[in-house]
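Undergrad: The file below is coords_24.txt, compact mmCIF, C-alpha atoms:
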```
# COMPACT_ATOMS: atom_id res chain seq x y z
CA MET C 1 0.00 0.00 0.00
CA GLY C 2 2.77 2.37 0.93
CA GLY C 3 4.74 1.41 -2.20
CA LYS C 4 1.78 2.06 -4.48
CA LEU C 5 1.17 5.45 -2.84
CA LYS C 6 4.79 6.32 -3.38
CA GLU C 7 4.57 5.39 -7.07
CA GLN C 8 1.46 7.50 -7.47
CA THR C 9 3.18 10.44 -5.80
CA LEU C 10 6.19 10.12 -8.10
CA ALA C 11 3.93 9.79 -11.13
CA GLY C 12 2.04 12.90 -10.07
CA ARG C 13 5.22 14.84 -9.64
CA GLY C 14 6.42 13.73 -13.08
CA PHE C 15 3.13 14.76 -14.62
CA LEU C 16 3.40 18.15 -12.94
CA LYS C 17 6.93 18.59 -14.23
CA LEU C 18 5.85 17.66 -17.76
CA ARG C 19 2.88 19.97 -17.50
CA THR C 20 5.01 22.81 -16.19
CA ARG C 21 7.60 22.28 -18.89
CA GLY C 22 4.89 22.18 -21.54
CA GLU C 23 3.39 25.39 -20.24
CA LYS C 24 6.79 27.05 -20.25
CA GLU C 25 7.44 25.90 -23.81
CA ALA C 26 4.03 27.15 -24.86
CA GLN C 27 4.62 30.49 -23.16
CA SER C 28 8.08 30.72 -24.74
CA ALA C 29 6.65 29.95 -28.17
CA MET C 30 3.91 32.52 -27.66
CA ALA C 31 6.43 35.14 -26.54
CA LYS C 32 8.63 34.37 -29.54
CA HIS C 33 5.62 34.58 -31.83
CA LYS C 34 4.70 37.97 -30.36
CA ALA C 35 8.28 39.17 -30.75
CA GLU C 36 8.28 38.03 -34.38
CA TRP C 37 5.08 39.90 -35.04
CA ARG C 38 6.49 43.00 -33.37
CA VAL C 39 9.44 42.82 -35.75
CA VAL C 40 7.14 42.31 -38.74
CA VAL C 41 4.84 45.15 -37.69
CA GLY C 42 7.85 47.41 -37.00
CA ARG C 43 9.37 46.75 -40.40
CA ALA C 44 6.07 47.21 -42.20
CA THR C 45 5.43 50.45 -40.29
CA GLY C 46 8.90 51.71 -41.17
CA ILE C 47 8.32 51.01 -44.86
CA LEU C 48 4.92 52.73 -44.78
CA VAL C 49 6.38 55.77 -42.98
CA LEU C 50 9.17 55.98 -45.56
CA LEU C 51 6.68 55.73 -48.41
CA THR C 52 4.45 58.38 -46.83
CA GLY C 53 7.45 60.67 -46.35
CA MET C 54 8.50 60.31 -49.97
CA LEU C 55 4.98 61.02 -51.21
CA LEU C 56 4.77 64.06 -48.91
CA ALA C 57 8.14 65.33 -50.14
CA ALA C 58 7.04 64.89 -53.76
CA GLY C 59 3.83 66.76 -52.99
CA LEU C 60 5.73 69.65 -51.39
CA CYS C 61 8.09 69.83 -54.37
CA THR C 62 5.29 69.96 -56.91
CA ALA C 63 3.16 72.35 -54.89
CA ALA C 64 2.75 75.78 -56.40
CA ALA C 65 5.04 78.36 -54.86
CA LYS C 66 3.63 81.51 -53.30
CA PRO C 67 3.75 84.55 -55.59
CA ASP C 68 6.08 86.37 -53.17
CA ASN C 69 8.32 83.36 -52.55
CA PRO C 70 11.94 84.59 -52.94
CA ILE C 71 13.33 81.07 -53.39
CA PRO C 72 13.49 80.01 -57.07
CA SER C 73 12.02 76.60 -57.83
CA ILE C 74 12.51 74.25 -60.78
CA PHE C 75 8.83 73.35 -60.39
CA GLU C 76 7.79 76.87 -61.47
CA PRO C 77 9.37 77.27 -64.93
CA HIS C 78 9.05 80.41 -67.05
CA SER C 79 11.15 79.42 -70.07
CA THR C 80 11.06 76.67 -72.68
CA PRO C 81 14.24 74.85 -71.51
CA ALA C 82 13.09 74.93 -67.88
CA ASP C 83 9.62 73.73 -68.89
CA SER C 84 11.10 70.79 -70.81
CA ILE C 85 13.26 69.85 -67.82
CA LEU C 86 10.22 69.98 -65.52
CA HIS C 87 8.21 67.60 -67.74
CA LEU C 88 11.16 65.20 -67.87
CA SER C 89 11.68 65.32 -64.11
CA ARG C 90 8.01 64.57 -63.46
CA PHE C 91 8.17 61.61 -65.84
CA VAL C 92 11.29 60.25 -64.11
CA LEU C 93 9.77 60.81 -60.66
CA ALA C 94 6.60 58.96 -61.69
CA ILE C 95 8.54 55.93 -62.92
CA THR C 96 10.85 55.80 -59.91
CA ALA C 97 7.88 56.23 -57.54
CA LEU C 98 6.13 53.30 -59.25
CA ILE C 99 9.28 51.19 -58.87
CA PHE C 100 9.48 52.09 -55.19
CA VAL C 101 5.83 51.20 -54.57
CA VAL C 102 6.18 47.81 -56.30
CA VAL C 103 9.40 46.92 -54.48
CA ALA C 104 8.10 48.14 -51.09
CA THR C 105 4.87 46.16 -51.55
CA LEU C 106 6.73 42.96 -52.45
CA LEU C 107 9.13 43.47 -49.56
CA THR C 108 6.29 43.99 -47.07
CA TYR C 109 4.49 40.90 -48.38
CA ALA C 110 7.66 38.79 -48.14
CA VAL C 111 8.42 39.98 -44.60
CA ALA C 112 4.89 39.16 -43.43
CA LYS C 113 4.33 35.96 -45.39
CA PHE C 114 7.67 34.23 -45.02
CA ARG C 115 8.67 35.33 -41.53
CA SER C 116 10.61 32.88 -39.39
CA LYS C 117 8.49 30.55 -37.23
CA ALA C 118 9.39 28.32 -34.30
CA ALA C 119 8.19 25.24 -36.17
CA ASP C 120 10.55 25.99 -39.07
CA ALA C 121 13.68 26.32 -36.92
CA GLN C 122 15.00 22.91 -37.94
CA ARG C 123 13.87 23.08 -41.59
CA GLU C 124 15.43 24.75 -44.60
CA PRO C 125 13.06 26.80 -46.75
CA ALA C 126 12.29 25.72 -50.28
CA GLN C 127 15.12 26.59 -52.67
CA VAL C 128 14.46 27.83 -56.18
CA TYR C 129 17.23 27.47 -58.77
CA GLY C 130 17.30 28.27 -62.45
CA SER C 131 13.86 29.88 -62.75
CA THR C 132 13.78 31.21 -66.30
CA GLN C 133 10.72 33.38 -65.61
CA ILE C 134 12.30 35.11 -62.59
CA GLU C 135 15.63 35.71 -64.32
CA LEU C 136 13.91 37.12 -67.40
CA ALA C 137 11.77 39.38 -65.22
CA TRP C 138 14.67 40.91 -63.25
CA THR C 139 16.75 41.31 -66.43
CA VAL C 140 14.30 42.48 -69.09
CA ILE C 141 12.17 44.85 -66.96
CA PRO C 142 15.13 46.97 -65.66
CA ILE C 143 16.59 47.11 -69.20
CA LEU C 144 13.28 48.39 -70.58
CA ILE C 145 13.04 50.99 -67.81
CA VAL C 146 16.59 52.22 -68.47
CA VAL C 147 15.97 52.39 -72.23
CA VAL C 148 12.76 54.41 -71.76
CA LEU C 149 14.48 56.86 -69.38
CA PHE C 150 17.47 57.15 -71.71
CA LEU C 151 15.31 57.92 -74.76
CA ALA C 152 13.22 60.48 -72.86
CA THR C 153 16.33 62.22 -71.52
CA ALA C 154 18.12 62.17 -74.90
CA ARG C 155 15.07 63.71 -76.56
CA VAL C 156 15.02 66.65 -74.12
CA ILE C 157 18.80 67.16 -74.33
CA HIS C 158 18.65 67.20 -78.13
CA ALA C 159 15.75 69.67 -78.16
CA ILE C 160 17.63 72.06 -75.85
CA GLN C 161 21.20 71.68 -77.08
CA ASP C 162 20.46 71.70 -80.82
CA ALA C 163 17.79 74.40 -80.89
CA PRO C 164 18.26 76.71 -83.92
CA LYS C 165 19.25 80.33 -83.29
CA PRO C 166 16.75 82.74 -84.88
CA ALA C 167 17.87 86.03 -86.40
CA THR C 168 16.04 87.92 -83.63
CA ALA C 169 18.08 86.28 -80.85
CA VAL C 170 19.98 88.43 -78.34
CA GLU C 171 23.58 87.31 -77.89
CA VAL C 172 25.34 87.65 -74.53
CA THR C 173 28.79 86.53 -73.41
CA ALA C 174 28.82 85.54 -69.74
CA ILE C 175 32.22 85.31 -68.04
CA GLY C 176 32.58 83.77 -64.60
CA HIS C 177 35.08 85.34 -62.18
CA GLN C 178 35.92 84.71 -58.55
CA PHE C 179 33.34 85.69 -57.34
CA TRP C 180 31.19 87.70 -59.75
CA TRP C 181 29.62 87.62 -63.22
CA GLU C 182 30.59 89.70 -66.24
CA PHE C 183 28.05 90.15 -69.03
CA ARG C 184 28.97 91.46 -72.47
CA TYR C 185 26.56 92.25 -75.31
CA PRO C 186 28.79 92.17 -78.44
CA ALA C 187 26.15 93.52 -80.83
CA LEU C 188 25.19 96.35 -78.48
CA GLY C 189 28.62 97.27 -77.13
CA ILE C 190 27.48 96.93 -73.51
CA VAL C 191 29.46 95.60 -70.55
CA THR C 192 27.82 95.08 -67.16
CA ALA C 193 28.12 92.82 -64.13
CA ASN C 194 26.04 90.44 -61.97
CA GLU C 195 22.64 91.62 -63.24
CA LEU C 196 21.67 90.29 -66.67
CA HIS C 197 19.00 92.18 -68.62
CA ILE C 198 17.21 90.35 -71.44
CA PRO C 199 13.95 90.88 -73.34
CA VAL C 200 10.86 88.75 -72.83
CA SER C 201 10.26 86.25 -75.64
CA ASP C 202 6.74 86.31 -76.99
CA PRO C 203 5.84 82.99 -78.69
CA ALA C 204 4.31 84.99 -81.55
CA HIS C 205 7.54 87.02 -81.89
CA PRO C 206 10.30 84.91 -80.33
CA MET C 207 13.35 86.75 -79.04
CA PRO C 208 15.42 84.15 -77.16
CA THR C 209 18.73 84.97 -75.50
CA PHE C 210 21.75 82.84 -76.43
CA LEU C 211 24.59 82.89 -73.93
CA LYS C 212 28.23 82.07 -74.62
CA LEU C 213 29.75 80.89 -71.34
CA LEU C 214 33.42 81.46 -70.50
CA SER C 215 35.54 81.33 -67.35
CA ALA C 216 38.33 83.72 -66.38
CA ASP C 217 39.83 81.54 -63.66
CA THR C 218 38.28 78.29 -62.38
CA ASP C 219 35.14 76.21 -62.95
CA HIS C 220 31.78 77.94 -62.46
CA SER C 221 28.20 76.97 -63.31
CA PHE C 222 25.43 79.26 -64.58
CA TRP C 223 22.08 78.31 -63.06
CA VAL C 224 18.78 80.17 -63.00
CA PRO C 225 16.33 77.40 -61.94
CA GLN C 226 13.19 78.98 -63.39
CA LEU C 227 14.76 79.68 -66.78
CA ALA C 228 17.09 76.78 -67.66
CA GLY C 229 19.25 73.97 -66.35
CA LYS C 230 22.83 74.22 -65.15
CA THR C 231 25.63 74.83 -67.65
CA ASP C 232 29.28 74.88 -66.62
CA LEU C 233 31.81 77.61 -67.37
CA ILE C 234 35.20 75.93 -67.87
CA PRO C 235 38.57 77.63 -68.51
CA ASN C 236 39.73 77.43 -72.14
CA LYS C 237 36.38 76.00 -73.26
CA VAL C 238 33.29 77.66 -74.71
CA ASN C 239 29.87 76.37 -73.64
CA GLU C 240 26.52 77.68 -74.79
CA MET C 241 22.95 77.80 -73.55
CA TRP C 242 19.75 79.69 -74.33
CA ILE C 243 16.64 80.93 -72.55
CA ASP C 244 13.38 82.41 -73.77
CA PRO C 245 11.49 83.85 -70.76
CA HIS C 246 7.72 83.88 -71.19
CA ARG C 247 7.01 86.72 -68.76
CA THR C 248 8.72 89.78 -67.37
CA GLY C 249 10.18 89.86 -63.88
CA VAL C 250 13.36 89.24 -61.91
CA PHE C 251 14.65 85.67 -61.69
CA LEU C 252 17.34 84.71 -59.21
CA GLY C 253 20.23 82.36 -59.86
CA GLN C 254 23.72 81.59 -58.68
CA CYS C 255 26.92 79.72 -59.39
CA ALA C 256 26.18 76.01 -58.96
CA GLN C 257 29.81 74.79 -59.07
CA TYR C 258 32.09 75.23 -56.06
CA CYS C 259 34.64 77.83 -57.17
CA GLY C 260 36.26 78.99 -53.95
CA THR C 261 35.64 80.64 -50.61
CA GLN C 262 32.74 82.85 -51.69
CA HIS C 263 31.05 80.42 -54.08
CA ALA C 264 27.83 80.60 -52.04
CA LYS C 265 27.62 84.40 -52.53
CA MET C 266 28.31 84.38 -56.26
CA LEU C 267 24.72 85.28 -57.03
CA LEU C 268 23.08 86.71 -60.14
CA ARG C 269 19.85 88.40 -61.13
CA VAL C 270 18.17 88.05 -64.51
CA SER C 271 15.85 90.98 -65.24
CA VAL C 272 13.40 90.05 -67.99
CA ASP C 273 12.13 93.29 -69.50
CA SER C 274 9.52 94.11 -72.08
CA PRO C 275 11.03 94.85 -75.51
CA GLU C 276 10.54 98.57 -74.98
CA ALA C 277 12.07 98.52 -71.48
CA PHE C 278 15.00 96.45 -72.72
CA GLN C 279 15.71 98.91 -75.53
CA ALA C 280 15.56 101.81 -73.05
CA TRP C 281 17.96 100.01 -70.70
CA ALA C 282 20.36 99.25 -73.57
CA GLN C 283 20.37 102.88 -74.72
CA ALA C 284 21.13 104.06 -71.18
CA GLN C 285 23.97 101.54 -70.81
CA LYS C 286 25.58 102.75 -74.04
CA GLN C 287 25.97 106.24 -72.65
CA PRO C 288 29.33 107.24 -71.08
CA ALA C 289 29.59 107.77 -67.35
CA LYS C 290 28.09 111.05 -66.15
CA GLN C 291 30.64 113.72 -65.33
CA ASP C 292 29.69 115.67 -62.22
CA ASP C 293 32.16 118.48 -61.59
CA ARG C 294 30.99 118.69 -57.99
CA GLU C 295 32.52 115.25 -57.32
CA ILE C 296 35.91 115.93 -58.90
CA ALA C 297 37.57 115.14 -55.56
CA GLY C 298 36.02 111.68 -55.45
CA LYS C 299 37.03 111.02 -59.04
CA SER C 300 40.59 112.01 -58.16
CA VAL C 301 40.58 109.53 -55.26
CA PHE C 302 39.31 106.83 -57.59
CA GLU C 303 42.02 107.46 -60.20
CA ARG C 304 44.99 107.70 -57.83
CA THR C 305 44.22 104.57 -55.79
CA ALA C 306 44.21 100.88 -56.65
CA CYS C 307 40.59 101.16 -57.91
CA VAL C 308 41.78 101.81 -61.47
CA ASN C 309 43.81 98.59 -61.50
CA CYS C 310 40.69 96.45 -61.22
CA HIS C 311 37.73 98.50 -62.45
CA ALA C 312 36.79 100.37 -65.61
CA VAL C 313 34.73 103.54 -65.83
CA GLY C 314 33.91 105.04 -69.21
CA GLY C 315 35.29 108.55 -69.51
CA ALA C 316 37.72 108.14 -66.62
CA ASN C 317 41.33 107.05 -66.41
CA ALA C 318 40.27 103.53 -65.42
CA THR C 319 40.50 100.53 -67.73
CA GLY C 320 40.87 97.62 -65.31
CA HIS C 321 39.22 94.28 -66.11
CA PHE C 322 39.89 92.27 -62.95
CA GLY C 323 36.76 93.64 -61.28
CA PRO C 324 33.31 94.68 -62.53
CA ASP C 325 32.83 97.61 -64.91
CA LEU C 326 31.51 100.51 -62.80
CA THR C 327 30.38 102.87 -65.58
CA HIS C 328 26.72 102.44 -64.61
CA LEU C 329 27.17 101.08 -61.09
CA MET C 330 24.10 102.76 -59.58
CA SER C 331 21.77 101.27 -62.20
CA ARG C 332 22.23 97.91 -60.41
CA HIS C 333 20.15 96.85 -57.45
CA THR C 334 22.94 94.97 -55.68
CA ILE C 335 26.69 95.05 -55.13
CA ALA C 336 29.24 92.29 -54.39
CA ALA C 337 27.48 89.89 -56.81
CA GLY C 338 24.16 90.08 -55.00
CA ALA C 339 25.60 89.87 -51.48
CA ALA C 340 24.18 93.27 -50.45
CA GLU C 341 21.73 95.89 -51.64
CA ASN C 342 23.22 98.79 -53.55
CA THR C 343 22.76 101.49 -50.92
CA LYS C 344 24.99 104.37 -49.85
CA GLU C 345 25.81 102.70 -46.53
CA ASN C 346 26.61 99.30 -48.08
CA LEU C 347 28.69 100.90 -50.84
CA ARG C 348 30.75 102.79 -48.28
CA LEU C 349 31.25 99.62 -46.20
CA TRP C 350 32.16 97.59 -49.29
CA ILE C 351 34.91 100.07 -50.20
CA GLN C 352 36.38 100.31 -46.71
CA ASN C 353 35.95 96.73 -45.42
CA PRO C 354 34.77 94.13 -47.98
CA GLU C 355 35.23 91.32 -45.43
CA ALA C 356 32.24 92.67 -43.51
CA ILE C 357 29.96 91.89 -46.46
CA LYS C 358 31.72 89.07 -48.29
CA PRO C 359 34.51 87.32 -46.32
CA GLY C 360 37.12 85.77 -48.57
CA SER C 361 36.34 87.97 -51.56
CA LEU C 362 39.21 89.28 -53.68
CA MET C 363 38.15 92.90 -53.19
CA PRO C 364 40.97 94.62 -51.21
CA ALA C 365 40.17 96.87 -48.25
CA MET C 366 41.05 100.41 -49.35
CA LYS C 367 41.66 101.77 -45.81
CA LEU C 368 40.92 105.35 -46.88
CA SER C 369 40.57 108.33 -44.61
CA ASP C 370 37.01 109.39 -43.81
CA VAL C 371 37.32 112.41 -46.08
CA ASP C 372 38.56 110.38 -49.07
CA LEU C 373 36.04 107.61 -48.38
CA ASP C 374 33.12 110.03 -48.37
CA ALA C 375 34.35 111.71 -51.55
CA LEU C 376 34.83 108.39 -53.35
CA ALA C 377 31.42 107.09 -52.27
CA ARG C 378 29.72 110.29 -53.52
CA TYR C 379 31.53 109.97 -56.86
CA LEU C 380 30.46 106.36 -57.31
CA GLU C 381 26.87 107.36 -56.59
CA THR C 382 26.94 109.60 -59.67
CA LEU C 383 27.63 106.59 -61.95
CA GLN C 384 24.03 106.07 -63.01
```
Please render this file's structure as structure tokens.

TA:
Amino acid sequence: MGGKLKEQTLAGRGFLKLRTRGEKEAQSAMAKHKAEWRVVVGRATGILVLLTGMLLAAGLCTAAAKPDNPIPSIFEPHSTPADSILHLSRFVLAITALIFVVVATLLTYAVAKFRSKAADAQREPAQVYGSTQIELAWTVIPILIVVVLFLATARVIHAIQDAPKPATAVEVTAIGHQFWWEFRYPALGIVTANELHIPVSDPAHPMPTFLKLLSADTDHSFWVPQLAGKTDLIPNKVNEMWIDPHRTGVFLGQCAQYCGTQHAKMLLRVSVDSPEAFQAWAQAQKQPAKQDDREIAGKSVFERTACVNCHAVGGANATGHFGPDLTHLMSRHTIAAGAAENTKENLRLWIQNPEAIKPGSLMPAMKLSDVDLDALARYLETLQ
């Protein structure tokens, strides 16, 4: 009797141990299953967040800019080359977005469907070798996508690069310097700096502007996002581009190729004028510098200092070409290649201490006395 009771007690204890171990294994499997699902849900959530972010970014890029937005955008073109680039970029974005959606969907499905399970720990998943259909799919589809993108891009490049030059075109030579722009109009005999004036091009009476791009020192890049794509200015090489603005206004651009310390402040302004306003501006630029006898002292300061070594002023003893032509300095809205507004205070500061406006620029500090500085500033203000 006692022996049987002992056997029953041992059997009960064994059953309890088996039961406890089974419960622990079940709990462990359940915990592992929950952990696996957390991983799956986390990965899927991450993919969805990334997709949502990309779609939001695309929406912000394509959203219409505010009329008073000072930041130029490639998604608001006002010229034929820029418009062609926008259509191409939207086409490329649509294809790449479709590729992303397909790949993200397949990845999410694979992560959820074929996740690791406790029951499969000792088994190897099914192996697929030599599937002709899969290999054809991942070879032919990417080739077709690349060919389509190549043909679309080549078509736009050909249309822009090989566009014929009409007889009514305005020709401008743009020369990049460290760190400013020089603009020459060979047919008009005009030389100016940093602010390019061109006529609007009416589709009924096209008047595009063709630019010959040169560099005086290192690599630069001419870029006005709303008018055209980037074109490099390379020493000892001539590049060309053209724009045909569809409306009047001021369009902002800058050098898009790192060219030295003040690359970021090598800005430019393109003023698109009506044909009548452009003709009036051209006639004014052809006139010699105004001679104001009341500012003879300032002119004397200009001619006896290092100013004449770098700058040219029509009608004065100054024929320098290292810096901008100052004949019609006050007709420009900015100085220092767009780094500051062209005001009396900024002009005075630019002469005396250029580092305060544009650190690293090649403009030397003149270190003039207050009397000479005031006289020189007043003389420069007469250069309308």

Undergrad: Neighbouring residues of stretch 350-365 of chain C were defined as those with any atom within 10 Å, considering all atoms listed in the file; residues of the same chain fewer than 5 positions away were excluded. Please report them as a list in words.

TA: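 Once the nearby chain positions are removed, what remains is Gln178, Phe179, Trp180, Gly260, Thr261, Gln262, His263, Lys265, Met266, Ala306, Cys307, Cys310, Phe322, Gly323, Ile335, Ala336, Ala337, Ala339, Ala340, Asn342, Lys344, Glu345, Asp370, Leu373, Leu376 and Ala377 of chain C.
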
Undergrad: When you draw a straight line from atom CA of C:Thr343 to atom CA of C:Val270, how long is it in Å?

TA: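 A separation of 19.7 Å between them.
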
Undergrad: Could you give me, as a list in words, the residues within 10 Å of C:Pro203, counting only C-alpha atoms and dropping anything in the same chain fewer than 5 positions from it?

TA: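 Once the adjacent positions are removed, what remains is Pro208, Asp244, Pro245 and His246 of chain C.
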
Undergrad: With distances taken over all atoms listed in the file, which of C:Thr319, C:Thr248, C:Asn194, C:Ser84 is nearest to C:Pro275?

TA: C:Thr248

Undergrad: To one decimal place, how far is atom CA of C:Ala375 from atom CA of C:Ser300 in Å?

TA: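 Answer for the atom CA of C:Ala375 to atom CA of C:Ser300 separation: 9.1 Å.
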
Undergrad: Just the number, please: distance in Å from atom CA of C:Gly46 to atom CA of C:Val102, one decimal.

TA: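 If I compute the distance from atom CA of C:Gly46 to atom CA of C:Val102, I get 15.9 Å.
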
Undergrad: Find the residues near C:Gln161: any atom within 10 Å, counting all atoms listed in the file, skip ones fewer than 6 places away on the same chain, and give them as a tab-separated table (two decimals) with C-alpha atoms, keeping the file's coordinate frame.

TA:
```tsv
chain	number	residue	atom	x	y	z
C	81	PRO	CA	14.24	74.85	-71.51
C	240	GLU	CA	26.52	77.68	-74.79
C	241	MET	CA	22.95	77.80	-73.55
C	242	TRP	CA	19.75	79.69	-74.33
```

Undergrad: Leaving out C:His311 and any residue of its chain fewer than 6 positions from it, which residues lie within 6 Å of it when counting all atoms listed in the file, given as a PDB file with C-alpha atoms, in the frame of the given file?

TA:
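The result, written out as result33.pdb:
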```pdb
ATOM      1  CA  GLY C 320      40.870  97.620 -65.310  1.00  0.00           C
ATOM      2  CA  HIS C 321      39.220  94.280 -66.110  1.00  0.00           C
ATOM      3  CA  GLY C 323      36.760  93.640 -61.280  1.00  0.00           C
ATOM      4  CA  PRO C 324      33.310  94.680 -62.530  1.00  0.00           C
ATOM      5  CA  ASP C 325      32.830  97.610 -64.910  1.00  0.00           C
TER       6      ASP C 325
END
```

Undergrad: Show me, as lines of an AutoDock Vina configuration file, the centre and edge lengths in Å to one decimal of the axis-aligned box that covers every listed atom of stretch 291-306 of chain C with 6 Å on each side.

TA:
```
center_x = 37.3
center_y = 109.8
center_z = -60.3
size_x = 27.3
size_y = 29.8
size_z = 22.1
```

Undergrad: So that I can see what lies close to C:Arg269, please list as a ChimeraX atom specification the residues with an atom at most 7 Å from it, counting all atoms listed in the file and leaving out residues fewer than 3 positions away in the same chain.

TA: /C:194-196,250-253

Undergrad: I need the residue nearest C:Thr153 from this list: C:Leu48, C:Ala297, C:Met330, C:Leu86. Use all atoms listed in the file for the distance.

TA: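 Closest candidate: C:Leu86.
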
Undergrad: Find, counting all atoms listed in the file, the residue in C:Ile95, C:Ile134, C:Ala228, C:Ala118 that gets nearest to C:Pro72.

TA: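 Under the stated criterion, the closest residue is C:Ala228.
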